[in-house]
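Peer 1: Input coords-v4.txt, format and content: compact mmCIF, C-alpha atoms.
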# COMPACT_ATOMS: atom_id res chain seq x y z
CA MET A 1 -5.70 15.62 18.93
CA ASN A 2 -8.67 16.00 16.60
CA ALA A 3 -9.96 12.66 15.32
CA ILE A 4 -10.73 12.07 11.64
CA ASN A 5 -14.14 10.63 10.83
CA PRO A 6 -13.65 7.54 8.61
CA GLU A 7 -16.64 8.39 6.39
CA GLU A 8 -15.34 11.92 5.84
CA LEU A 9 -11.95 10.50 4.93
CA LEU A 10 -13.45 8.11 2.38
CA LEU A 11 -15.44 10.96 0.83
CA ALA A 12 -12.28 13.06 0.61
CA TYR A 13 -10.40 10.33 -1.23
CA ARG A 14 -13.28 9.91 -3.66
CA LEU A 15 -12.88 13.61 -4.42
CA GLY A 16 -9.13 13.32 -4.87
CA ILE A 17 -8.26 14.87 -1.49
CA PHE A 18 -6.05 13.35 1.20
CA PRO A 19 -4.87 14.35 4.71
CA MET A 20 -1.37 15.33 5.80
CA ALA A 21 -0.13 16.60 9.14
CA GLU A 22 2.58 19.23 9.45
CA SER A 23 4.52 16.95 11.80
CA ARG A 24 4.30 13.62 13.62
CA HIS A 25 2.89 15.27 16.76
CA ALA A 26 0.66 17.90 15.13
CA ASN A 27 -2.89 18.15 16.47
CA GLU A 28 -4.44 19.13 13.13
CA VAL A 29 -4.33 17.73 9.61
CA LEU A 30 -4.29 19.57 6.32
CA TRP A 31 -6.50 18.43 3.44
CA VAL A 32 -4.55 18.38 0.18
CA ARG A 33 -5.50 18.18 -3.50
CA PRO A 34 -2.35 18.72 -5.60
CA HIS A 35 -2.53 20.53 -8.93
CA GLU A 36 -0.05 17.97 -10.24
CA ARG A 37 -0.45 14.34 -9.26
CA GLY A 38 1.98 11.44 -9.33
CA ILE A 39 0.65 8.09 -10.52
CA LEU A 40 2.16 4.72 -11.41
CA PRO A 41 0.52 3.34 -14.59
CA LEU A 42 0.12 -0.38 -13.93
CA ASP A 43 0.33 -1.34 -17.60
CA LYS A 44 3.78 0.29 -17.83
CA PHE A 45 5.13 -0.55 -14.39
CA HIS A 46 8.88 -1.21 -14.65
CA VAL A 47 11.04 -3.30 -12.33
CA PRO A 48 14.78 -2.49 -12.52
CA ARG A 49 16.91 -5.56 -13.23
CA ARG A 50 18.79 -5.64 -9.94
CA LEU A 51 15.57 -5.21 -7.97
CA ALA A 52 13.94 -8.01 -9.98
CA GLU A 53 16.73 -10.32 -8.81
CA THR A 54 15.98 -9.36 -5.21
CA VAL A 55 12.24 -9.92 -5.69
CA ARG A 56 12.92 -13.32 -7.22
CA SER A 57 15.34 -14.36 -4.48
CA SER A 58 14.51 -15.81 -1.08
CA ARG A 59 15.99 -12.86 0.82
CA TYR A 60 12.60 -11.50 1.84
CA GLU A 61 9.13 -12.89 2.45
CA VAL A 62 6.23 -10.61 1.58
CA ARG A 63 2.95 -10.84 3.46
CA ILE A 64 -0.31 -8.96 3.23
CA ASN A 65 -2.27 -7.49 6.14
CA THR A 66 -0.54 -9.40 8.94
CA ALA A 67 1.04 -6.37 10.65
CA PHE A 68 -0.84 -3.26 9.59
CA ALA A 69 -0.29 -1.35 12.83
CA GLU A 70 3.45 -2.04 12.71
CA ILE A 71 3.66 -0.90 9.09
CA ILE A 72 1.92 2.43 9.62
CA ALA A 73 3.99 3.00 12.77
CA GLY A 74 7.13 2.33 10.74
CA CYS A 75 6.04 4.81 8.10
CA ALA A 76 5.50 7.43 10.82
CA GLU A 77 8.98 6.99 12.30
CA ALA A 78 11.55 9.77 12.06
CA ARG A 79 14.64 8.74 10.11
CA PRO A 80 18.04 10.37 9.58
CA GLU A 81 17.05 11.57 6.11
CA ARG A 82 13.59 12.68 7.30
CA ARG A 83 13.31 14.07 10.80
CA GLU A 84 9.60 14.80 10.54
CA THR A 85 6.81 12.84 8.88
CA TRP A 86 3.32 13.87 7.85
CA ILE A 87 1.63 10.94 9.65
CA ASN A 88 0.20 11.92 13.04
CA ASP A 89 -1.93 9.98 15.52
CA ALA A 90 -5.21 11.05 13.91
CA ILE A 91 -4.09 9.62 10.55
CA ILE A 92 -2.83 6.43 12.20
CA ASP A 93 -6.09 5.93 14.09
CA VAL A 94 -8.37 6.41 11.09
CA PHE A 95 -6.34 4.12 8.85
CA VAL A 96 -6.26 1.41 11.50
CA ALA A 97 -10.05 1.72 11.67
CA LEU A 98 -10.32 1.44 7.90
CA HIS A 99 -8.02 -1.58 7.97
CA THR A 100 -10.47 -3.36 10.28
CA ARG A 101 -13.12 -2.69 7.62
CA GLY A 102 -11.00 -4.27 4.89
CA LEU A 103 -10.32 -0.99 3.06
CA ALA A 104 -6.76 -0.17 4.13
CA HIS A 105 -4.03 -2.69 3.43
CA SER A 106 -0.41 -3.30 4.32
CA VAL A 107 2.28 -4.97 2.21
CA GLU A 108 4.95 -6.24 4.59
CA VAL A 109 8.49 -7.35 3.83
CA TRP A 110 9.95 -9.76 6.37
CA ARG A 111 13.43 -11.18 6.79
CA GLY A 112 13.01 -14.08 9.14
CA GLU A 113 11.21 -12.73 12.18
CA THR A 114 12.27 -9.14 11.46
CA LEU A 115 10.04 -6.58 9.73
CA ALA A 116 12.37 -5.11 7.10
CA GLY A 117 9.95 -2.59 5.63
CA GLY A 118 6.71 -2.21 3.75
CA LEU A 119 3.93 0.12 2.74
CA TYR A 120 0.27 0.81 3.35
CA GLY A 121 -2.58 2.39 1.44
CA LEU A 122 -6.30 2.65 0.84
CA SER A 123 -8.37 0.68 -1.67
CA LEU A 124 -11.58 2.13 -3.11
CA GLY A 125 -13.24 0.65 -6.17
CA ALA A 126 -10.41 -0.07 -8.61
CA ALA A 127 -8.21 2.72 -7.22
CA PHE A 128 -5.40 2.22 -4.73
CA PHE A 129 -4.00 5.22 -2.89
CA ALA A 130 -0.43 4.38 -1.82
CA GLU A 131 0.14 6.37 1.34
CA SER A 132 3.65 5.77 2.62
CA LYS A 133 6.48 3.24 2.71
CA PHE A 134 9.66 2.63 4.70
CA SER A 135 12.75 0.44 4.71
CA ARG A 136 14.89 -0.82 7.54
CA GLN A 137 16.85 -3.09 5.23
CA ARG A 138 18.04 -2.61 1.67
CA ASP A 139 15.30 -2.42 -0.99
CA ALA A 140 12.55 -3.60 1.38
CA SER A 141 10.10 -0.83 0.48
CA LYS A 142 10.88 -1.29 -3.23
CA VAL A 143 10.11 -5.00 -2.96
CA ALA A 144 6.81 -4.11 -1.28
CA LEU A 145 5.94 -1.74 -4.12
CA VAL A 146 6.63 -4.39 -6.75
CA HIS A 147 4.39 -6.86 -4.93
CA LEU A 148 1.69 -4.21 -4.62
CA ALA A 149 1.81 -3.41 -8.34
CA ALA A 150 1.46 -7.08 -9.26
CA ARG A 151 -1.45 -7.49 -6.84
CA LEU A 152 -3.26 -4.48 -8.29
CA LYS A 153 -2.61 -5.51 -11.88
CA ALA A 154 -3.88 -9.03 -11.18
CA GLY A 155 -6.92 -7.57 -9.44
CA ARG A 156 -7.77 -5.35 -12.44
CA TYR A 157 -7.19 -2.06 -10.69
CA LEU A 158 -7.18 1.00 -12.93
CA LEU A 159 -5.31 3.53 -10.79
CA LEU A 160 -2.28 3.47 -8.49
CA ASP A 161 -2.02 6.92 -6.94
CA ALA A 162 1.33 8.08 -5.55
CA GLN A 163 -0.03 11.51 -4.53
CA PHE A 164 2.92 13.73 -5.46
CA PRO A 165 5.37 13.41 -8.37
CA ASN A 166 8.49 11.78 -6.97
CA PRO A 167 11.81 11.35 -8.82
CA HIS A 168 12.48 8.21 -6.76
CA LEU A 169 9.45 6.55 -8.36
CA GLU A 170 10.45 7.37 -11.93
CA GLN A 171 12.51 4.15 -12.04
CA PHE A 172 9.19 2.29 -11.77
CA GLY A 173 7.53 4.30 -14.55
CA SER A 174 5.76 6.99 -12.51
CA ILE A 175 4.39 10.02 -14.34
CA ALA A 176 2.98 13.39 -13.36
CA ILE A 177 -0.48 14.38 -14.56
CA GLY A 178 -2.69 17.40 -14.07
CA GLU A 179 -5.56 17.56 -11.62
CA GLU A 180 -8.24 17.40 -14.31
CA LYS A 181 -6.83 14.22 -15.87
CA PHE A 182 -6.40 12.66 -12.45
CA GLN A 183 -10.03 13.32 -11.61
CA ARG A 184 -11.10 11.57 -14.83
CA LEU A 185 -8.95 8.54 -14.04
CA LEU A 186 -10.22 8.50 -10.47
CA SER A 187 -13.85 8.66 -11.59
CA ASP A 188 -13.32 5.72 -13.96
CA ALA A 189 -11.57 3.69 -11.25
CA LEU A 190 -14.25 4.34 -8.63
CA ALA A 191 -16.97 3.16 -11.03
CA VAL A 192 -15.71 -0.44 -10.95
CA ARG A 193 -14.35 -2.77 -8.29
CA GLY A 194 -10.87 -4.22 -8.12
CA ASP A 195 -10.07 -7.50 -6.38
CA PHE A 196 -7.17 -7.01 -3.98
CA TYR A 197 -6.92 -10.77 -3.35
CA ARG A 198 -7.15 -12.14 -6.90
CA LEU A 199 -3.37 -12.58 -7.10
CA ASP A 200 -3.49 -15.16 -4.31
CA GLY A 201 -5.81 -17.35 -6.38
CA LEU A 202 -3.76 -16.92 -9.55
CA ALA A 203 -0.62 -17.91 -7.68
CA GLY A 204 -2.34 -21.00 -6.31
CA SER A 205 -2.31 -19.93 -2.67
CA PRO A 206 -4.64 -22.29 -0.78
CA ARG A 207 -6.83 -20.76 1.88
CA SER A 208 -5.90 -23.08 4.66
CA ALA A 209 -3.76 -23.19 7.76
CA GLY A 210 -1.79 -26.05 6.28
CA ALA A 211 -0.30 -23.74 3.70
CA SER A 212 0.53 -20.79 5.93
CA GLY A 213 0.89 -22.47 9.28
CA VAL A 214 -0.45 -19.34 10.96
CA ALA A 215 -3.99 -18.99 12.21
CA ALA A 216 -5.46 -15.50 12.05
CA GLY A 217 -5.29 -13.92 15.46
CA ALA A 218 -2.51 -16.18 16.69
CA SER A 219 0.15 -14.49 18.75
CA ALA A 220 3.60 -14.17 17.26
CA PRO A 221 6.83 -12.30 17.89
CA GLY A 222 6.60 -8.63 17.08
CA GLY A 223 3.01 -7.98 18.14
CA THR A 224 0.48 -8.32 15.32
CA ARG A 225 2.58 -10.44 12.97
CA GLY A 226 0.71 -13.57 11.99
CA GLY A 227 -2.60 -11.93 12.81
CA GLY A 228 -4.13 -12.45 9.37
CA ILE A 229 -6.86 -10.13 8.14
CA SER A 230 -8.15 -7.92 10.92
CA ALA A 231 -11.57 -8.30 12.49
CA GLY A 232 -14.24 -6.70 10.38
CA THR A 233 -12.80 -7.80 7.04
CA PRO A 234 -15.51 -8.62 4.49
CA ASP A 235 -16.51 -12.29 4.56
CA ASN A 236 -15.44 -12.84 0.95
CA ALA A 237 -11.85 -11.72 1.62
CA PRO A 238 -9.12 -14.32 2.04
CA GLY A 239 -8.23 -14.69 5.67
CA ALA A 240 -11.71 -13.74 6.90
CA GLY A 241 -12.48 -17.40 7.52
CA GLY A 242 -9.77 -17.60 10.15
CA PHE A 243 -6.45 -18.21 8.38
CA ALA A 244 -3.70 -16.05 6.96
CA LEU A 245 -2.70 -16.54 3.36
CA PRO A 246 0.81 -17.71 2.50
CA ALA A 247 3.15 -15.38 0.68
CA VAL A 248 3.09 -15.18 -3.12
CA ALA A 249 6.42 -16.11 -4.72
CA GLY A 250 8.49 -13.34 -6.26
CA SER A 251 8.70 -15.18 -9.56
CA SER A 252 4.89 -15.18 -9.81
CA VAL A 253 4.81 -11.46 -8.98
CA LEU A 254 7.26 -10.61 -11.76
CA GLN A 255 5.35 -12.76 -14.23
CA VAL A 256 2.14 -10.85 -13.53
CA ILE A 257 3.88 -7.50 -13.97
CA THR A 258 5.45 -8.44 -17.29
CA GLN A 259 2.19 -9.74 -18.75
CA THR A 260 0.61 -7.38 -21.24
CA SER A 261 -2.70 -5.89 -20.19
Any chance you could give the structure as structure tokens?

Peer 2:
Amino acid sequence: MNAINPEELLLAYRLGIFPMAESRHANEVLWVRPHERGILPLDKFHVPRRLAETVRSSRYEVRINTAFAEIIAGCAEARPERRETWINDAIIDVFVALHTRGLAHSVEVWRGETLAGGLYGLSLGAAFFAESKFSRQRDASKVALVHLAARLKAGRYLLLDAQFPNPHLEQFGSIAIGEEKFQRLLSDALAVRGDFYRLDGLAGSPRSAGASGVAAGASAPGGTRGGGISAGTPDNAPGAGGFALPAVAGSSVLQVITQTS
């Protein structure tokens, strides 16, 4: 298995290129720059009515960066509708490394003590590259995407990249654009810095153990759950002081999304 150098990966993303493996157990990765790119404009992000009810309900709890390794492993799993995935060990290893540096993030959807689904991606400047998502329970990955969109909009991100045009994402307002336009949007987004954690402050999430009840690094069922922000997170990031942030309520998430930019 050929390892991916984290600095080379970051350079590739800044150029609009991303890695994909031919299969879960492939030794090599391919470097891809599509001629047509799928993006989700944050100022026009749409939440279907039934999904909004799920987001607003107490069915799921959404957490950030408490189970990154479990999320990327879930995204790499084979499923009945998809026997092979493009995420191999080299991609998993480099993203876990970038997570410890505070650049790769997971949005996790929990039902009680069970991980129901989620997504992960890479944050650079004011661009977020959504890599993959999965569901083990109904609408879990969709709920994660809604929470991600609200977090990026609150944090003044300019670009949410979905890599390829995807009919499944059209319900959220996704569009397809050419490579030249994508490169312009990417350049603008990389020139400024988004704040991935601003939503927590807007929603009134206190940075204390009293609010979350989970100290970063504490053991919990399911491996890394409750682990807070991984070691190596920048000091100004919530959770770096030793405590995980509590979840942001679904009603607050929907309010952020519906606000005009």

Peer 1: From the options A:Ala78, A:Ala150, A:Leu9, A:Ile17, which residue's atoms come nearest to Arg37 (chain A), counting only C-alpha atoms?

Peer 2: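 Selected residue with least distance to Arg37 (chain A): A:Ile17.
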
Peer 1: Of the candidates A:Ala154, A:Leu145, A:Ile72, A:Ala90, which one gets nearest to Tyr197 (chain A) if we count all atoms listed in the file?

Peer 2: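 Using all atoms listed in the file, Tyr197 (chain A) sits closest to A:Ala154.
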
Peer 1: Restricting the calculation to all atoms listed in the file: of A:Met20, A:Val47, A:Leu115, A:Ala67, which residue gets closest to Gln171 (chain A)?

Peer 2: A:Val47

Peer 1: I want to know what sits within 9 Å of Gly250 (chain A), based on only C-alpha atoms, with residues of the same chain fewer than 6 positions away left out; could you give that as a list of chain:residue names?

Peer 2: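 These residues fall inside the cut-off: A:Ala52, A:Thr54, A:Val55, A:Arg56, A:Ser57, A:Ser58, A:Glu61, A:Val62, A:His147.
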
Peer 1: Residues within 8 Å of region 164-170 of chain A, please, as a list in words. Count only C-alpha atoms; anything in the same chain fewer than 4 positions from it doesn't count.

Peer 2: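 Here the answer would be Pro34, Glu36, Arg37, Gly38, Ile39, Ser174, Ile175 and Ala176 of chain A.
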
Peer 1: For those residues, write C-alpha atoms to a file as a CSV table (one decimal), keeping the file's coordinate frame.

Peer 2:
chain,number,residue,atom,x,y,z
A,34,PRO,CA,-2.4,18.7,-5.6
A,36,GLU,CA,0.0,18.0,-10.2
A,37,ARG,CA,-0.4,14.3,-9.3
A,38,GLY,CA,2.0,11.4,-9.3
A,39,ILE,CA,0.6,8.1,-10.5
A,174,SER,CA,5.8,7.0,-12.5
A,175,ILE,CA,4.4,10.0,-14.3
A,176,ALA,CA,3.0,13.4,-13.4

Peer 1: Residues within 6 Å of Ala189 (chain A), please, as a list in words. Count only C-alpha atoms; anything in the same chain fewer than 4 positions from it doesn't count.

Peer 2: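 Near neighbours after the sequence-gap exclusion: Ala126, Ala127 and Leu158 of chain A.
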
Peer 1: Just how far from CA of Leu103 (chain A) is CA of Arg79 (chain A), in Å to one decimal?

Peer 2: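 Computing it gives 27.7 Å between the two atoms.
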
Peer 1: Restricting the calculation to only C-alpha atoms, which member of A:Ile177, A:Val253, A:Leu124, A:Ala144 is positioned closest to Gly194 (chain A)?

Peer 2: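 Closest to Gly194 (chain A), using only C-alpha atoms: A:Leu124.
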
Peer 1: Just the number, please: distance in Å from CA of Glu8 (chain A) to CA of Trp31 (chain A), one decimal.

Peer 2: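 Taking CA of Glu8 (chain A) and CA of Trp31 (chain A), their separation equals 11.2 Å.
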
Peer 1: Need the shell around Gly155 (chain A): protein/DNA/RNA residues with any atom at most 6 Å away, counting all atoms listed in the file. Skip same-chain ones fewer than 3 positions apart. Format as JSON, numbers by chain?

Peer 2: {"A": [152, 194, 195, 196, 198]}

Peer 1: Please determine, counting all atoms listed in the file, which residue among A:Glu180, A:Ala162, A:Leu15, A:Arg156 has the shortest atom-to-atom distance to Arg193 (chain A).

Peer 2: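 Looking at the shortest contact to Arg193 (chain A), the residue is A:Arg156.
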
Peer 1: Could you give me, as JSON, numbers by chain, the residues within 9 Å of Ile91 (chain A), counting all atoms listed in the file and dropping anything in the same chain fewer than 2 positions from it?

Peer 2: {"A": [3, 4, 19, 20, 21, 29, 86, 87, 88, 89, 93, 94, 95, 96]}

Peer 1: Show me the residues close to (2.7, 0.7, -11.8) - anything with an atom within 7 Å, counting all atoms listed in the file - and format the list as a ChimeraX atom specification.

Peer 2: /A:40-45,149,160,172-173

Peer 1: Would you work out the distance separating CA of Ala69 (chain A) from CA of Ala97 (chain A), expressed in Å to one decimal?

Peer 2: 10.3 Å

Peer 1: Would you mind telling me which residue in A:Arg50, A:Gly201, A:Asn2, A:Glu179 lies nearest to Val143 (chain A) when using only C-alpha atoms?

Peer 2: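 Going through A:Arg50, A:Gly201, A:Asn2, A:Glu179 one by one, the smallest distance to Val143 (chain A) is for A:Arg50.
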